[in-house]
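Participant: Dropping the structure in here first, questions after.
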Amino acid sequence: MRTRIITRLVVFISIGMVFIYCKKPTEFKEIEVNNLFSLQVPVYFHSTNELLPFTASNIQQYQDSVGKICMLVFDTSRNGFEIGTLKTFYDSMVANPVLDSAKITSPVLAKLDNDSAYQSEITGIHNNVRVFGEIETIATKERYYYMLTWSSLDRREELKPDMYKILTSFHDISHLKK
């Protein structure tokens with residue numbers, strides 16, 4: 001009797017582990033934006049204009065079909081832009097977060113597609129929901145980019161790998177692809 005209970009317990013635990021470890025990896029697709037850059041985004045992402053109360057040609061907005069994960073991409077020409085360094089651009093973009101109780105990690109300097117980038121994380125509260133996000137600013141030869149992905153904090157572990165892949169897949173179209 002005792003052996004039977006232990007056997008059943010082992011079987012149930014094994015089945016549960018199969019479901020946990022056999023999570024289907026996220027499928028990604030490449031998008032090209034305004035002949036300037038490309039990104040790998042999850043196939044469940046689609047373009048939208050519902051995230052901001054205004055639209056502009058230099059702001060790209062994406063979300064999944066139920067709005068659980070969102071992304072904004074701002075781009076601006078460096079020509080005539082008063083901000084001279086990537087760090088100054090980063091600081092200007094994160095200076096006034098729209099989240100209550102916002103906390104932003106110290107930016108980490110990285111190389112993406114041979115361009116300099118600062119990466120950091122943000123957490124806070126938006127409309128009474130605890131959220132987290134990944135921030136990336138990039139300086140290409142001709143443009144600055146600011147990318148922000150976010151979702152509810154309770155989905156952090158599930159979505160962080162997807163967000164990381166999106167942000168690190170940035171490719172300036174003017175560079176040859178590797």
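Following the order of the structure tokens, chains are lettered A, B, ..., residues in each are numbered from 1, and ligands are numbered from 1.
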Which polymer residues have any atom within 7 Å of an atom of range 139-155 of chain A, counting only C-alpha atoms, with same-chain residues fewer than 5 positions away left out, as number ranges by chain?

Facilitator: A: 68-78, 86, 115-117, 129-134, 163

Participant: Restricting the calculation to only C-alpha atoms, which member of A:Leu176, A:Leu99, A:Ile122, A:Ile59 is positioned closest to Asn34 in chain A?

Facilitator: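 Ranked by minimum distance to Asn34 in chain A, first place goes to A:Ile59.
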
Participant: Identify which of the residues A:Asp91, A:Glu50, A:Asp64, A:Glu30 lies closest to Ile166 in chain A, counting only C-alpha atoms when measuring atom-to-atom distances.

Facilitator: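 Closest to Ile166 in chain A, using only C-alpha atoms: A:Glu30.
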
Participant: I'd like the interatomic distance between CA of Leu112 in chain A and CA of Pro97 in chain A, to a tenth of an Å.

Facilitator: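 The value is 24.5 Å.
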
Participant: Using only C-alpha atoms, which protein or nucleic acid residues come within 10 Å of Asn49 in chain A? Drop anything in the same chain fewer than 5 positions from it, and give the result as a list in words.

Facilitator: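 After dropping sequence-adjacent residues, the list is Phe54, Thr55, Ala56, Ile59, Gln60, Gln61, Tyr62 and Gln63 of chain A.
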
Participant: List every residue of range 29-175 of chain A that DSSP, applied to the backbone of this structure, assigns to strand (DSSP E), and report them as a ChimeraX atom specification.

Facilitator: /A:29-33,37-42,46-47,59-63,69-77,100-104,108-112,115-126,129-139,143-152,171-172

Participant: Using only C-alpha atoms, can you tell me which of A:Ala110, A:Leu52, A:Ile83, A:Val33 comes closest to Val98 in chain A?

Facilitator: A:Leu52

Participant: Got a sec: who's within 9 Å of Val108 in chain A, counting only C-alpha atoms, leaving out chain neighbours fewer than 6 positions off, as a ChimeraX atom specification?

Facilitator: /A:117-120

Participant: From range 18-174 of chain A, collect each residue whose DSSP state is alpha helix (DSSP H) and return the set as number ranges by chain.

Facilitator: A: 18-21, 86-94, 156-168

Participant: Grab the CA of Leu39 in chain A to CA of Tyr164 in chain A distance for me, in Å with one decimal place.

Facilitator: 11.5 Å

Participant: Pick the closest to Ser169 in chain A from A:Glu27, A:Asp113, A:Glu157, A:Glu121: which is it, counting only C-alpha atoms?

Facilitator: A:Asp113

Participant: Using only C-alpha atoms, which protein or nucleic acid residues come within 6 Å of Phe37 in chain A? Drop anything in the same chain fewer than 4 positions from it, and give the result as a list in words.

Facilitator: Glu32, Val33, His171, Asp172 and Ile173 of chain A

Participant: Let me see the file: selected residues, N, CA and C atoms, as a PDB file, in the first residue's frame.

Facilitator:
```pdb
ATOM      1  N   GLU A  32      11.004  45.027 -39.652  1.00  0.00           N
ATOM      2  CA  GLU A  32      11.855  46.130 -40.087  1.00  0.00           C
ATOM      3  C   GLU A  32      11.020  47.397 -39.975  1.00  0.00           C
ATOM      4  N   VAL A  33      11.601  48.429 -39.380  1.00  0.00           N
ATOM      5  CA  VAL A  33      10.847  49.650 -39.099  1.00  0.00           C
ATOM      6  C   VAL A  33      11.427  50.826 -39.877  1.00  0.00           C
ATOM      7  N   HIS A 171      18.987  45.786 -34.712  1.00  0.00           N
ATOM      8  CA  HIS A 171      19.947  45.823 -35.820  1.00  0.00           C
ATOM      9  C   HIS A 171      19.712  47.101 -36.622  1.00  0.00           C
ATOM     10  N   ASP A 172      20.739  47.947 -36.682  1.00  0.00           N
ATOM     11  CA  ASP A 172      20.703  49.158 -37.512  1.00  0.00           C
ATOM     12  C   ASP A 172      20.820  48.703 -38.965  1.00  0.00           C
ATOM     13  N   ILE A 173      19.840  49.054 -39.794  1.00  0.00           N
ATOM     14  CA  ILE A 173      19.796  48.624 -41.187  1.00  0.00           C
ATOM     15  C   ILE A 173      21.032  49.089 -41.961  1.00  0.00           C
TER      16      ILE A 173
END
```

Participant: Which one of A:Phe28, A:Tyr44, A:Thr137, A:Leu159 sits closest to Pro107 in chain A if you count only C-alpha atoms?

Facilitator: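 Checking each of A:Phe28, A:Tyr44, A:Thr137, A:Leu159 against Pro107 in chain A, counting only C-alpha atoms, the winner is A:Thr137.
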
Participant: Just the residues within 8 Å of Ser101 in chain A, please, counting only C-alpha atoms, with nothing from its chain fewer than 4 positions along; format it as an NGL selection string.

Facilitator: :A and (123-125)
